[in-house]
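Okay, structure first, notes after.
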Amino acid sequence: MLDLNRQTGHTARPKLSSSIARTPAEVAEAQRIRYKVFGEEMGAKLPSADQGLDIDRFDAYCDHLLVRNNDDNKVVGTYRMMPPEQAVKAGGYYSETEFDMTRLANLRGSMVEVGRSCVHPDYRDGATITQLWGGLADYITKNGHEYLIGCASISMGDGGHYAASVYDKVHKLHGAPTEYSVFPHCPLPLRALNRDLDVSIPPLIKGYLRLGAYIAGQPAWDPDFNVADLFILLPVSRMNPKYVRHFMGQPA
């Protein structure tokens, strides 16, 4: 996923709003910005590239959060969410294409999966991330989900050394209890990589950890996106009270 917090240098900011896609055309808007970021910017191998969209088989089972510029109605950011009942219909969560989630079987009825988060390059600032996180928090609250899961991506541009170092740094402090461990189908070869780099944590992962999330296993390598994915597990009951107040508008 993208560095959602990187500043662009722009000073004037339009008003933003968030909503859930209600029509196929609105879902296509999410898929279009995903293609722009993942396909054009990051060089991901997308099977639907000829359509200028990022489409996979899970989209039809997900809810799609859209952040718009109210001035021109343009979609500038998106997240997708798959609730547990839809995961059953889809034959599993997207995360299961990368991880063995057997140990989470008893949580499946209350897990919502989030992913495919991205922001247009011109809107990577605090205002947009607040809209994304606020919309996501509102969705979780309204639907009563108890656990948030998903894959948080780290660039493999240097061959994986940065990703391996990030994993070592965050797992030491935020590793999940053993009973919540997942196992990558295509593991990042940690032993072959330099894991001692002095690294900064990607903002999206840092945001999850500040909320109270666990890193629930070793990273998986996604060759299509050329990223290492960390499995994020966030029990809603562990959410940092400061974030509860800020995003959910609830007393801590």
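The chains in the structure tokens are called A, B, ... from first to last as shown; in each chain the residues are counted from 1, and the ligands are counted from 1 in the order shown.
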Q. So which residues touch A:Asp222 within 8 Å, counting only C-alpha atoms, skipping near sequence neighbours fewer than 4 positions away, as JSON, numbers by chain?
A. {"A": [98, 186, 226, 227, 228, 229]}
Given the selection you just returned, output its residues as a file containing C-alpha atoms, formatted as a PDB file, in the first residue's frame.
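What follows is the written file out_0.pdb:
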ATOM      1  CA  GLU A  98      -1.327 -15.147   1.095  1.00  0.00           C
ATOM      2  CA  CYS A 186       5.075 -17.649   0.040  1.00  0.00           C
ATOM      3  CA  ASN A 226       6.370  -6.805  -5.717  1.00  0.00           C
ATOM      4  CA  VAL A 227       5.673  -6.092  -2.057  1.00  0.00           C
ATOM      5  CA  ALA A 228       6.028  -7.860   1.253  1.00  0.00           C
ATOM      6  CA  ASP A 229       2.733  -8.115   3.113  1.00  0.00           C
TER       7      ASP A 229
END
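Selecting strand (DSSP E or B) from the backbone DSSP output for stretch 160-235 of chain A yields A:Gly175, A:Phe183, A:Pro184, A:Pro187, A:Tyr214, A:Ile215, A:Ala220, A:Trp221, A:Asp222, A:Val227, A:Ala228, A:Asp229, A:Leu230, A:Phe231, A:Ile232, A:Leu233, A:Leu234, A:Pro235.
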Would you save the residues from that selection as a tab-separated table (two decimals), in the first residue's frame, using N, CA and C atoms?
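Output file out28.tsv is given in full below:
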chain	number	residue	atom	x	y	z
A	175	GLY	N	4.13	-8.14	18.14
A	175	GLY	CA	3.80	-9.49	17.70
A	175	GLY	C	2.53	-10.01	18.38
A	183	PHE	N	0.41	-17.92	8.88
A	183	PHE	CA	1.64	-18.42	8.27
A	183	PHE	C	1.61	-18.16	6.76
A	184	PRO	N	2.63	-17.46	6.22
A	184	PRO	CA	2.62	-17.09	4.80
A	184	PRO	C	2.76	-18.31	3.89
A	187	PRO	N	6.64	-17.26	1.87
A	187	PRO	CA	7.32	-16.42	2.87
A	187	PRO	C	8.41	-15.55	2.26
A	214	TYR	N	-1.93	-5.95	16.10
A	214	TYR	CA	-0.85	-6.93	16.17
A	214	TYR	C	-0.28	-7.20	14.78
A	215	ILE	N	0.99	-7.58	14.73
A	215	ILE	CA	1.58	-8.20	13.55
A	215	ILE	C	1.50	-9.70	13.82
A	220	ALA	N	4.61	-12.20	3.98
A	220	ALA	CA	4.47	-12.94	2.73
A	220	ALA	C	5.00	-12.08	1.59
A	221	TRP	N	5.49	-12.73	0.55
A	221	TRP	CA	5.93	-12.02	-0.65
A	221	TRP	C	4.85	-12.11	-1.70
A	222	ASP	N	4.41	-10.95	-2.19
A	222	ASP	CA	3.42	-10.88	-3.26
A	222	ASP	C	4.15	-10.47	-4.54
A	227	VAL	N	5.68	-6.62	-3.42
A	227	VAL	CA	5.67	-6.09	-2.06
A	227	VAL	C	5.74	-7.25	-1.07
A	228	ALA	N	6.15	-6.93	0.13
A	228	ALA	CA	6.03	-7.86	1.25
A	228	ALA	C	4.80	-7.45	2.05
A	229	ASP	N	3.97	-8.41	2.39
A	229	ASP	CA	2.73	-8.12	3.11
A	229	ASP	C	2.82	-8.61	4.55
A	230	LEU	N	2.50	-7.71	5.47
A	230	LEU	CA	2.36	-8.08	6.88
A	230	LEU	C	0.89	-8.30	7.18
A	231	PHE	N	0.61	-9.35	7.94
A	231	PHE	CA	-0.78	-9.61	8.33
A	231	PHE	C	-1.09	-8.81	9.59
A	232	ILE	N	-2.09	-7.94	9.47
A	232	ILE	CA	-2.51	-7.08	10.57
A	232	ILE	C	-3.75	-7.68	11.23
A	233	LEU	N	-3.74	-7.76	12.54
A	233	LEU	CA	-4.91	-8.20	13.31
A	233	LEU	C	-5.17	-7.16	14.39
A	234	LEU	N	-6.34	-6.52	14.32
A	234	LEU	CA	-6.69	-5.48	15.28
A	234	LEU	C	-7.98	-5.85	16.00
A	235	PRO	N	-7.90	-6.31	17.25
A	235	PRO	CA	-9.12	-6.47	18.04
A	235	PRO	C	-9.67	-5.07	18.36
Q) With distances taken over only C-alpha atoms, which of A:Ser110, A:Val67, A:Gly157, A:Pro219 is nearest to A:Ile129? A)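 Between A:Ser110, A:Val67, A:Gly157, A:Pro219, the residue approaching A:Ile129 most closely is A:Val67.
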Q. Where does DSSP see helix (DSSP H, G or I) in stretch 21-147 of chain A, if you list the residues as a PyMOL selection string?
A. chain A and resi 24-41+49-51+59-61+84-90+94-97+102-110+121-123+126-143
**Q.** Which of A:Val170, A:Ala216, A:Ile140, A:Ala90 sits closest to A:Ser200 [using only C-alpha atoms]
**A.** A:Val170
Within 10 Å of A:Ala87, counting only C-alpha atoms, which residues show up once you throw out same-chain ones fewer than 6 positions away? Write them as a short mmCIF file (atom, residue, chain, number, x, y, z; two decimals) with C-alpha atoms, in the first residue's frame, please.
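Done, and the output landed in result_2.cif:
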data_model
loop_
_atom_site.label_atom_id
_atom_site.label_comp_id
_atom_site.auth_asym_id
_atom_site.auth_seq_id
_atom_site.Cartn_x
_atom_site.Cartn_y
_atom_site.Cartn_z
CA PHE A 58 -13.17 -10.31 -4.29
CA TYR A 61 -18.18 -9.28 -2.28
CA CYS A 62 -16.72 -6.12 -0.72
CA TYR A 93 -10.84 -13.69 2.61
CA TYR A 94 -8.32 -12.15 0.22
CA ARG A 108 -14.16 -15.64 11.55
CA GLY A 109 -17.73 -14.71 12.42
CA MET A 111 -13.75 -10.36 11.39
CA VAL A 112 -13.89 -7.65 8.74
CA GLU A 113 -11.06 -7.58 6.22
#
(Q) Could you tell me how far atom CA of A:Cys151 sits from atom CA of A:His185, in Å to one decimal place? (A)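 Atom CA of A:Cys151 lies 13.3 Å from atom CA of A:His185.
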Q: Please provide the set of residues having any atom within 9 Å of A:Ser237, restricted to only C-alpha atoms, with same-chain residues fewer than 5 positions apart removed, written as a list of chain:residue names.
A: A:Glu146, A:Tyr147, A:Gly212
Could the residues in this selection be saved with N, CA and C atoms as a CSV table (one decimal), in the first residue's frame?
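Below is the file that was written, again_11.csv:
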chain,number,residue,atom,x,y,z
A,146,GLU,N,-15.8,-7.1,15.5
A,146,GLU,CA,-14.9,-7.2,16.7
A,146,GLU,C,-13.4,-7.3,16.3
A,147,TYR,N,-13.1,-7.7,15.1
A,147,TYR,CA,-11.7,-7.8,14.7
A,147,TYR,C,-11.6,-7.2,13.3
A,212,GLY,N,-3.5,-0.1,17.9
A,212,GLY,CA,-3.5,-1.3,18.8
A,212,GLY,C,-3.4,-2.6,18.1
Can you tell me, as a short mmCIF file (atom, residue, chain, number, x, y, z; two decimals) with C-alpha atoms, in the first residue's frame, what residues are no more than 6 Å from stretch 44-53 of chain A when counting only C-alpha atoms, ignoring any on the same chain fewer than 6 positions away?
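Listing of around_12.cif after writing:
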data_model
loop_
_atom_site.label_atom_id
_atom_site.label_comp_id
_atom_site.auth_asym_id
_atom_site.auth_seq_id
_atom_site.Cartn_x
_atom_site.Cartn_y
_atom_site.Cartn_z
CA GLN A 31 -11.05 0.36 -9.20
CA ARG A 32 -9.88 3.19 -11.45
CA TYR A 35 -5.24 1.04 -11.13
CA PHE A 38 -1.00 0.20 -8.11
CA ASP A 224 2.44 -9.48 -8.63
CA PHE A 225 2.67 -6.27 -6.61
#
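Atom CA of A:Gln131 is positioned 10.7 Å from atom CA of A:Tyr79.
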Q | Non-local contacts of A:Asp63 (8 Å; only C-alpha atoms; under 6 positions in same chain excluded) as a VMD selection string | A | chain A and resid 20 to 21 80 to 82
Q | Distance criterion (only C-alpha atoms): nearest to A:Arg124 out of A:Asp72, A:Asn194, A:Asn240, A:Pro203 | A | A:Pro203
